[in-house]
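One structure below.
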Amino acid sequence: MSAEASPTSSAPPALAAASDLHTARRAADRDLFGRLQASGFKGPEFETFQDRIWLYGWKVLRAWMRDGEIIARCRENRIYFAAPYTEVEEITRRDDVRQDIAIDCLGKAVPYYLSKSLPRWNPAGGRSLNSFFIPIALRFFRDAYRTWATGHRRRMREILGPDALPVHAEALDPWDQTPSSALGLEEQTVLRETLGIILADASMEERAVCEVIRTTGATQEEIAKKLGTTRKSVERRLSRVRRRAKKLAAAGIILVPSVSSAVPR
């Protein structure tokens with residue numbers, strides 16, 4: 001077989017081009033780091049670099065949340081926390097949630113990186129200035145996720161009640177323990193069907209109350225004002241949803257899930 005016909009004949013030029021690009025980027029990072037270090041990590045170029053890191057983290061974190069990769073990336077970096085399937089699914093389908101978590105995360109991760117980690121960056125190491133930021137961002141993502149999940153779980157308790165649909169109990173499942181294996185496809189399907197059954201016969205008013213709680217975390221008084229009704233009316237609607245869930249569970253029609261993303265958008 002001639003060299004031109006070889007199936008791998010195009011590989012060396014491609015690999016060489018990739019290597020050249022990597023080398024050029026590392027050289028640019030080394031030069032930039034030298035200038036930042038010489039300026040005491042202050043000044044206009046440092047501020048431009050801060051914007052670069054923020055934008056890089058914004059794109060990467062939101063993409064990983066959208067694609068459902070973020071938890072696996074955390075585990076690759078030995079960052080463990082409880083992340084029930086339904087909560088991960090909520091993040092993958094709601095851009096407003098992804099934005100809130102990313103803003104909370106980056107608001108703490110970027111200043112920490114610039115003040116604590118960047119000065120220790122090793123130009124001869126294996127990470128670029130961008131990739132050096134990622135493990136730090138993921139550690140702060142864990143905290144941002146916890147903050148969001150706490151509010152999310154409180155809203156789910158408000159919608160369906162702690163007895164009907166109990167959420168993750170931190171005392172039984174600490175945040176930092178190594179998580180169990182993810183739900184399989186069959187279990188995921190059962191969970192979605194269960195949540196659909198609970199609200200299948202709900203009135204428009206009941207769904208409206210649940211939707212406001214889920215998306216805003218408003219109190220019953222605030223929901224009443226938003227929907228133009230009374231607090232007692234809001235409580236009655238929530239009670240009907242809770243009773244329905246309990247009856248379905250008692251009758252064996254549903255299996256009570258461990259955490260709920262109860263109201264579909």
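Following the order of the structure tokens, first chain is A, next is B, and so on, with residues numbered from 1 inside each chain and ligands from 1 in the order they appear.
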* **12 Å contact set for A:Glu69, only C-alpha atoms, chain neighbours under 6 positions out, as JSON, numbers by chain** => {"A": [60, 61, 62, 63, 75, 76, 88, 89, 91, 92, 138]}
Go ahead and write the residues just picked, N, CA, C and O atoms, as a PDB file, in the first residue's frame.
ATOM      1  N   VAL A  60     -18.699  26.926  30.366  1.00  0.00           N
ATOM      2  CA  VAL A  60     -18.436  25.517  30.691  1.00  0.00           C
ATOM      3  C   VAL A  60     -19.467  24.974  31.679  1.00  0.00           C
ATOM      4  O   VAL A  60     -20.056  23.912  31.461  1.00  0.00           O
ATOM      5  N   LEU A  61     -19.709  25.690  32.764  1.00  0.00           N
ATOM      6  CA  LEU A  61     -20.630  25.191  33.781  1.00  0.00           C
ATOM      7  C   LEU A  61     -22.050  25.059  33.244  1.00  0.00           C
ATOM      8  O   LEU A  61     -22.732  24.052  33.493  1.00  0.00           O
ATOM      9  N   ARG A  62     -22.505  26.056  32.494  1.00  0.00           N
ATOM     10  CA  ARG A  62     -23.873  25.990  31.972  1.00  0.00           C
ATOM     11  C   ARG A  62     -24.013  24.873  30.944  1.00  0.00           C
ATOM     12  O   ARG A  62     -25.052  24.209  30.860  1.00  0.00           O
ATOM     13  N   ALA A  63     -22.979  24.648  30.149  1.00  0.00           N
ATOM     14  CA  ALA A  63     -23.027  23.553  29.165  1.00  0.00           C
ATOM     15  C   ALA A  63     -23.078  22.208  29.876  1.00  0.00           C
ATOM     16  O   ALA A  63     -23.859  21.325  29.500  1.00  0.00           O
ATOM     17  N   ARG A  75     -17.549  14.358  40.308  1.00  0.00           N
ATOM     18  CA  ARG A  75     -17.043  13.099  40.850  1.00  0.00           C
ATOM     19  C   ARG A  75     -15.655  12.790  40.323  1.00  0.00           C
ATOM     20  O   ARG A  75     -14.828  12.216  41.039  1.00  0.00           O
ATOM     21  N   GLU A  76     -15.382  13.157  39.068  1.00  0.00           N
ATOM     22  CA  GLU A  76     -14.039  12.970  38.523  1.00  0.00           C
ATOM     23  C   GLU A  76     -13.004  13.725  39.349  1.00  0.00           C
ATOM     24  O   GLU A  76     -11.842  13.319  39.435  1.00  0.00           O
ATOM     25  N   VAL A  88     -31.337  16.822  39.105  1.00  0.00           N
ATOM     26  CA  VAL A  88     -30.470  16.979  37.940  1.00  0.00           C
ATOM     27  C   VAL A  88     -31.312  17.243  36.689  1.00  0.00           C
ATOM     28  O   VAL A  88     -30.974  18.084  35.856  1.00  0.00           O
ATOM     29  N   GLU A  89     -32.425  16.525  36.575  1.00  0.00           N
ATOM     30  CA  GLU A  89     -33.316  16.732  35.432  1.00  0.00           C
ATOM     31  C   GLU A  89     -33.877  18.150  35.423  1.00  0.00           C
ATOM     32  O   GLU A  89     -34.003  18.778  34.370  1.00  0.00           O
ATOM     33  N   ILE A  91     -32.417  20.804  36.505  1.00  0.00           N
ATOM     34  CA  ILE A  91     -31.351  21.686  36.043  1.00  0.00           C
ATOM     35  C   ILE A  91     -31.172  21.583  34.527  1.00  0.00           C
ATOM     36  O   ILE A  91     -30.972  22.588  33.841  1.00  0.00           O
ATOM     37  N   THR A  92     -31.242  20.364  33.991  1.00  0.00           N
ATOM     38  CA  THR A  92     -31.002  20.203  32.553  1.00  0.00           C
ATOM     39  C   THR A  92     -32.071  20.891  31.719  1.00  0.00           C
ATOM     40  O   THR A  92     -31.787  21.340  30.604  1.00  0.00           O
ATOM     41  N   LEU A 138     -15.751  23.786  40.316  1.00  0.00           N
ATOM     42  CA  LEU A 138     -16.604  22.655  40.676  1.00  0.00           C
ATOM     43  C   LEU A 138     -16.805  22.560  42.192  1.00  0.00           C
ATOM     44  O   LEU A 138     -17.881  22.165  42.654  1.00  0.00           O
TER      45      LEU A 138
END
* To do: Please provide as an NGL selection string all residues within 12 Å of A:Ala218, with the sequence filter that same-chain residues fewer than 6 positions apart are discarded (counting only C-alpha atoms).
  => :A and (151-152 or 154-156 or 158-159 or 209-212 or 224-227 or 231 or 234)
* Asked: What is the distance between atom CA of A:Lys108 and atom CA of A:Phe140, in Å to one decimal?
  -> 6.9 Å
Give me the residues within 10 Å of stretch 40-49 of chain A as an mmCIF file with all heavy atoms, in the first residue's frame, counting only C-alpha atoms and dropping any in the same chain fewer than 5 places off.
data_model
loop_
_atom_site.group_PDB
_atom_site.id
_atom_site.type_symbol
_atom_site.label_atom_id
_atom_site.label_comp_id
_atom_site.auth_asym_id
_atom_site.auth_seq_id
_atom_site.Cartn_x
_atom_site.Cartn_y
_atom_site.Cartn_z
ATOM 1 N N LEU A 32 1.417 35.607 29.578
ATOM 2 C CA LEU A 32 0.395 36.360 30.303
ATOM 3 C C LEU A 32 0.617 36.257 31.809
ATOM 4 O O LEU A 32 0.542 37.252 32.530
ATOM 5 C CB LEU A 32 -0.996 35.842 29.937
ATOM 6 C CG LEU A 32 -2.174 36.422 30.735
ATOM 7 C CD1 LEU A 32 -2.241 37.940 30.564
ATOM 8 C CD2 LEU A 32 -3.483 35.775 30.309
ATOM 9 N N PHE A 33 0.898 35.058 32.289
ATOM 10 C CA PHE A 33 1.118 34.866 33.716
ATOM 11 C C PHE A 33 2.304 35.697 34.193
ATOM 12 O O PHE A 33 2.259 36.290 35.277
ATOM 13 C CB PHE A 33 1.351 33.389 34.018
ATOM 14 C CG PHE A 33 1.594 33.102 35.471
ATOM 15 C CD1 PHE A 33 0.548 33.123 36.380
ATOM 16 C CD2 PHE A 33 2.872 32.809 35.932
ATOM 17 C CE1 PHE A 33 0.773 32.858 37.730
ATOM 18 C CE2 PHE A 33 3.098 32.540 37.273
ATOM 19 C CZ PHE A 33 2.047 32.563 38.176
ATOM 20 N N GLY A 34 3.358 35.743 33.390
ATOM 21 C CA GLY A 34 4.519 36.545 33.758
ATOM 22 C C GLY A 34 4.164 38.010 33.902
ATOM 23 O O GLY A 34 4.616 38.683 34.841
ATOM 24 N N ARG A 35 3.337 38.515 32.980
ATOM 25 C CA ARG A 35 2.947 39.926 33.058
ATOM 26 C C ARG A 35 2.032 40.177 34.263
ATOM 27 O O ARG A 35 2.156 41.199 34.949
ATOM 28 C CB ARG A 35 2.247 40.347 31.771
ATOM 29 C CG ARG A 35 3.142 40.299 30.538
ATOM 30 C CD ARG A 35 2.527 41.036 29.360
ATOM 31 N NE ARG A 35 1.220 40.496 28.978
ATOM 32 C CZ ARG A 35 1.063 39.482 28.116
ATOM 33 N NH1 ARG A 35 2.130 38.875 27.586
ATOM 34 N NH2 ARG A 35 -0.143 39.077 27.782
ATOM 35 N N TRP A 54 -14.236 34.461 34.038
ATOM 36 C CA TRP A 54 -15.678 34.442 34.319
ATOM 37 C C TRP A 54 -16.446 33.898 33.116
ATOM 38 O O TRP A 54 -17.310 33.023 33.269
ATOM 39 C CB TRP A 54 -16.158 35.848 34.673
ATOM 40 C CG TRP A 54 -17.629 35.893 35.009
ATOM 41 C CD1 TRP A 54 -18.670 35.834 34.140
ATOM 42 C CD2 TRP A 54 -18.208 35.947 36.310
ATOM 43 N NE1 TRP A 54 -19.864 35.870 34.810
ATOM 44 C CE2 TRP A 54 -19.613 35.941 36.143
ATOM 45 C CE3 TRP A 54 -17.688 36.021 37.607
ATOM 46 C CZ2 TRP A 54 -20.501 36.000 37.221
ATOM 47 C CZ3 TRP A 54 -18.568 36.089 38.671
ATOM 48 C CH2 TRP A 54 -19.950 36.074 38.480
ATOM 49 N N LEU A 55 -16.129 34.403 31.926
ATOM 50 C CA LEU A 55 -16.835 33.961 30.721
ATOM 51 C C LEU A 55 -16.574 32.482 30.449
ATOM 52 O O LEU A 55 -17.494 31.734 30.079
ATOM 53 C CB LEU A 55 -16.396 34.801 29.523
ATOM 54 C CG LEU A 55 -17.060 34.468 28.177
ATOM 55 C CD1 LEU A 55 -18.572 34.649 28.274
ATOM 56 C CD2 LEU A 55 -16.486 35.338 27.065
ATOM 57 N N LEU A 114 -8.596 33.908 41.603
ATOM 58 C CA LEU A 114 -7.682 34.999 41.295
ATOM 59 C C LEU A 114 -6.776 35.345 42.472
ATOM 60 O O LEU A 114 -5.601 35.676 42.283
ATOM 61 C CB LEU A 114 -8.478 36.237 40.875
ATOM 62 C CG LEU A 114 -9.282 36.105 39.570
ATOM 63 C CD1 LEU A 114 -10.107 37.357 39.330
ATOM 64 C CD2 LEU A 114 -8.358 35.842 38.380
ATOM 65 N N SER A 115 -7.304 35.248 43.683
ATOM 66 C CA SER A 115 -6.513 35.656 44.855
ATOM 67 C C SER A 115 -5.705 34.519 45.473
ATOM 68 O O SER A 115 -4.593 34.747 45.964
ATOM 69 C CB SER A 115 -7.438 36.253 45.914
ATOM 70 O OG SER A 115 -8.363 35.282 46.387
ATOM 71 N N LEU A 118 -4.440 31.394 41.451
ATOM 72 C CA LEU A 118 -3.678 31.881 40.302
ATOM 73 C C LEU A 118 -2.210 32.132 40.626
ATOM 74 O O LEU A 118 -1.331 31.729 39.839
ATOM 75 C CB LEU A 118 -4.333 33.145 39.740
ATOM 76 C CG LEU A 118 -3.609 33.813 38.568
ATOM 77 C CD1 LEU A 118 -3.518 32.858 37.376
ATOM 78 C CD2 LEU A 118 -4.315 35.106 38.175
ATOM 79 N N PRO A 119 -1.882 32.771 41.745
ATOM 80 C CA PRO A 119 -0.452 32.998 42.034
ATOM 81 C C PRO A 119 0.361 31.713 42.157
ATOM 82 O O PRO A 119 1.600 31.753 42.028
ATOM 83 C CB PRO A 119 -0.485 33.757 43.373
ATOM 84 C CG PRO A 119 -1.818 34.434 43.395
ATOM 85 C CD PRO A 119 -2.748 33.451 42.748
ATOM 86 N N LEU A 129 -4.236 28.108 32.073
ATOM 87 C CA LEU A 129 -4.842 29.019 33.039
ATOM 88 C C LEU A 129 -6.346 28.801 33.132
ATOM 89 O O LEU A 129 -6.934 28.952 34.197
ATOM 90 C CB LEU A 129 -4.536 30.466 32.647
ATOM 91 C CG LEU A 129 -3.093 30.928 32.866
ATOM 92 C CD1 LEU A 129 -2.882 32.310 32.272
ATOM 93 C CD2 LEU A 129 -2.728 30.928 34.355
#
